[in-house]
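Report on the structure given below.
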Amino acid sequence: MPNLRGVAAGAAIGGAAFSVWLLTDWGGHAVIRWVDDLGLVVFSSFAALCAATAASRAQGKDRLAWWAMTAGVAAWLASQLIRTYIHFTSDSHPFPSWVDTGYVLFLAGAGLCLVFLLSTTPPQTQVRMLLDGVIIGAALFGLAWVTVLQTVHSVRAGNPAAVAMALSYPIVDIALITVAVLMLVRAPAGGRAHLAWLAGGLTLIALSDTSYAYLTAVDDQHFHVIAIGWAWGFVCIGLAALVTCRPAVGGVTRASSVPPRLSVWLPYLPVVLSALLCTPMLVDGLGPVFVAAAVTVIAVLIRQFLVLGENRRLLAEVADRAVHDPLTGLANRAVFSDRLAHAMALHDRHALDVSVLVLDLDDFRLVNESFGHRAGDMVLVRVAERLAGTVRASDTLARVGGDAFAVIMMGDPAAARDIGEDVVEAFDRPFLVDGQELRLRPGVGLATTASGQRCPSADELYKRAEVALEAAKHARTGRLVVHTPGMEPGQLVPAPTGCDTGVGSAQLLAELRSAIEQGGLSVVYQPKFDLATDEIVGLEALIRWPHPRRGLLGPDQFLPLVRRHGLMRSLTSVVLTAALDDAARWHALGIGVPVAINVFAPAITDPHLCDQLTAALDERALPPDWLTVEITEDLLLDNLGKTRTVFETLRAKGIRVAIDDFGSGYSALWYLREFPVDEVKLDREFIAPILTHPASAAIARAVIGLAHSLGITPVAEGVENAETAARLREYGCRIAQGFHFSAPLPAPAIQDLLLRQQSVDGQEPAGTRRSEIELMQ
């Protein structure tokens, strides 16, 4: 494909040189005639070659359109070659003659080209354009008759064949120009370039045709100048064909259902102009009757203008609602589907890669249930603004569901992946709604046509993106998931440790049910340490799944299945039984410490939970305060009233209650006021920055002090180094857990630690127990 700018520059230089030569009459009449004839051969050859190139690269009706234009220009070229030969061998150039056949066929080819291009529009649009064409064509013919054609008719009145031939050119040209201009003004912004060149070329050729008919009728010897119009007309047609060959890049466009303003008024402008020019010639002889008729027509036109303006305004409002989401102002699902289909057509035609990103918000319903739908709508608006500031201007961003958004990206798949990562990072900052900071995490899935899989349709590409989104939602790791070959609906994303991806959720769910029923799950314990004495003062029970093929799975790899398929109560029973059995054994040995179990937030409203926990403690003769129930803070929004009642019942029975991952959810301080709790565990993301981020350090210190003032025990999670532990001691935090002290350990290792702790002399230097733990790990 030649460089479009280079070809356009060359054609423009050639056209300019040709024009200057003819206008300056350089070389005399004989030379001018040679330049005229040979120049038109060159320019029409250029247009035919470009049209054939466009036809060979186009598809469907576009291919037929450009083949028709190729045939028409080739016919014009053939007639021009014959006429050039005649001019070289004879001074006569009779009009009309059989040589004009090719010129007439050009009009037919150009007309077929426009017909094929027009046939891609909806039928109702075709009817409107046909009626508009009749109006404009009739008005322009009236103008042409008054200014030029009447003279041609009167001069050649004695030769009907000459009259028919002379008038056929401008009449057909008027029709072609009308259709081309109407198509241009109604085309979407991204599809006007080739129509603009085509309409310009046909207009220039029409002006030369009309001028030729007039000048030959009056026997003017300067008609060679009008060849400039034909030359530039063929240059424009050639460039129109080359623009059609050029692949579209960037975003895709969609034709608006609101006609452009110019297309509404265009049919009436020639009518008004024709009336203004023709009226002086028609008043004589008609008198008052014509004046009255003219006033009536003008009044009707004015009224029609007002109605059209009002209709267009109303149509614009309806069209905007039809293509935009009313809440966020983004494109809606209908527009997204239309543009994705268009993008896939460009992918098939020009091999441009297409990427689709889909996103929805984790636990968004909790925002609506806790803060109201108005706050939820405000969050969606903020999300839309943040996404719009992240994606490129050429991308299509749409809201396709309640809290679901999607993006169409064309071009480099690596750039699309980078944008996906930027989208994930855009949610690192909290959303401010009604003066409160809400932290939301999205699930983000990406699919691209460059994934190594054949993608036959837009629906298939979107489904792949949804599969990747489902995998991201299952993983809950807050990272982008890109669809890969072999990824199926319901499949879990592998853990970062490199587990295989061949196990789908259906098979994994069956294996998980079997593991729960047959004791295939295990429990490990992470100790809680007193920062002042370095002693173990509690244990947190954590579930693990020793999968026979995938190895040891952490909770993030199978808890999504537990939540989705209602296995929370069964899993809680497994953890509770194992933890209390171990606690009872240690209690019998005189080395016991309290244990904590994590309970799913939906399970906390189970009316049988309190009885289940109390019965389990009584069965093992354990004191109630040896059990702590931990609830993840960012899941406490569901059914606040029942949650408060259950908390009060648990504490009344002597069972301790803790809020886990404090600081990671929506309204943390509000929970300290509303919920009766014994312990608050500061989230690891809340603790990690205190050494390097002064604001985080100040907030952590304030929360620890606030907890003490409320009679609540603060516990720091995720302590990774001695410096953080020392800083927490300064802040008054007495209990901490993390890999600095100990990784989660199985029950036998914990028992050994507790036995050694009991036997250690109280004067032993601090750090000795931690050294023993490191050896055991």
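Every chain in the structure tokens has a letter given in the order shown (A, B, ...), and although residue numbers restart at 1 in each chain, ligands are simply numbered from 1 in the order shown.
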I need the residues in stretch 596-631 of chain A that are helix (DSSP H, G or I) according to DSSP; give them as a PyMOL selection string.
chain A and resi 601-605+609-619+624-626
Export of prior selection with C-alpha atoms as a tab-separated table (two decimals), in the first residue's frame:
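out.tsv was written with the following content:
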chain	number	residue	atom	x	y	z
A	601	ALA	CA	-19.79	-12.77	57.95
A	602	PRO	CA	-23.00	-14.35	56.53
A	603	ALA	CA	-22.65	-17.15	59.12
A	604	ILE	CA	-22.53	-14.69	62.01
A	605	THR	CA	-26.27	-14.10	61.60
A	609	LEU	CA	-24.15	-20.28	65.80
A	610	CYS	CA	-24.11	-19.32	69.48
A	611	ASP	CA	-25.56	-22.67	70.52
A	612	GLN	CA	-23.09	-24.50	68.28
A	613	LEU	CA	-20.10	-22.72	69.81
A	614	THR	CA	-21.33	-23.10	73.40
A	615	ALA	CA	-22.06	-26.81	72.94
A	616	ALA	CA	-18.61	-27.38	71.44
A	617	LEU	CA	-16.94	-25.66	74.41
A	618	ASP	CA	-19.03	-27.52	76.99
A	619	GLU	CA	-18.32	-30.85	75.30
A	624	PRO	CA	-15.81	-19.76	77.09
A	625	ASP	CA	-13.10	-17.08	77.11
A	626	TRP	CA	-10.69	-19.58	75.53
Shell of 12 Å around A:Asp530, only C-alpha atoms, local chain residues under 2 positions omitted, as a list in words:
Pro527, Lys528, Ala532, Thr533, Asp534, Glu535, Ile536, Val537, Gly538, Leu539, Thr713, Pro714, Val715, Ala716, Ala725, Leu728, Arg729, Gly732, Cys733, Arg734, Ile735, Ala736, Gln737, Phe741 and Ala766 of chain A
Written file, previous selection with C-alpha atoms, as a compact mmCIF listing (two decimals), in the first residue's frame:
# COMPACT_ATOMS: atom_id res chain seq x y z
CA PRO A 527 0.68 -17.53 67.42
CA LYS A 528 -0.13 -14.18 68.97
CA ALA A 532 6.33 -7.03 76.42
CA THR A 533 7.23 -10.63 77.41
CA ASP A 534 7.63 -12.40 74.04
CA GLU A 535 5.20 -15.07 75.25
CA ILE A 536 2.52 -16.79 73.21
CA VAL A 537 -0.82 -15.53 74.52
CA GLY A 538 -3.15 -16.85 71.85
CA LEU A 539 -3.47 -18.75 68.58
CA THR A 713 -7.59 -5.03 73.04
CA PRO A 714 -5.65 -3.97 69.92
CA VAL A 715 -3.76 -6.69 68.03
CA ALA A 716 -1.31 -5.89 65.22
CA ALA A 725 7.46 -4.57 66.64
CA LEU A 728 4.23 -0.87 68.17
CA ARG A 729 5.53 -1.27 71.72
CA GLY A 732 1.19 0.85 73.54
CA CYS A 733 0.17 -2.17 71.47
CA ARG A 734 0.79 -5.32 73.57
CA ILE A 735 -0.22 -8.16 71.24
CA ALA A 736 1.04 -8.85 67.70
CA GLN A 737 1.37 -11.64 65.18
CA PHE A 741 7.42 -13.93 65.27
CA ALA A 766 14.09 -12.06 75.05
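Each of A:Arg5, A:Arg399, A:Leu340, A:Arg386 was compared to A:Asp428 using only C-alpha atoms, and A:Arg386 turns out to be the nearest.
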List the neighbours of A:Val104 out to 8 Å using only C-alpha atoms; skip same-chain residues closer than 3 positions along the sequence, and give me the result as number ranges by chain.
A: 76, 100-101, 107-108, 169
Kindly export the residues of the current selection with C-alpha atoms, as a PDB file, in the first residue's frame.
ATOM      1  CA  TRP A  76     -13.864   7.797 -19.611  1.00  0.00           C
ATOM      2  CA  ASP A 100     -18.842  10.365 -26.086  1.00  0.00           C
ATOM      3  CA  THR A 101     -20.021   6.869 -25.153  1.00  0.00           C
ATOM      4  CA  LEU A 107     -21.577   8.815 -15.254  1.00  0.00           C
ATOM      5  CA  ALA A 108     -23.188   5.368 -15.068  1.00  0.00           C
ATOM      6  CA  TYR A 169     -24.052  15.633 -18.558  1.00  0.00           C
TER       7      TYR A 169
END
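Closest approach to A:Gly229 among A:Gly401, A:Pro594, A:Gly111, A:Gly39: A:Gly39, based on only C-alpha atoms.
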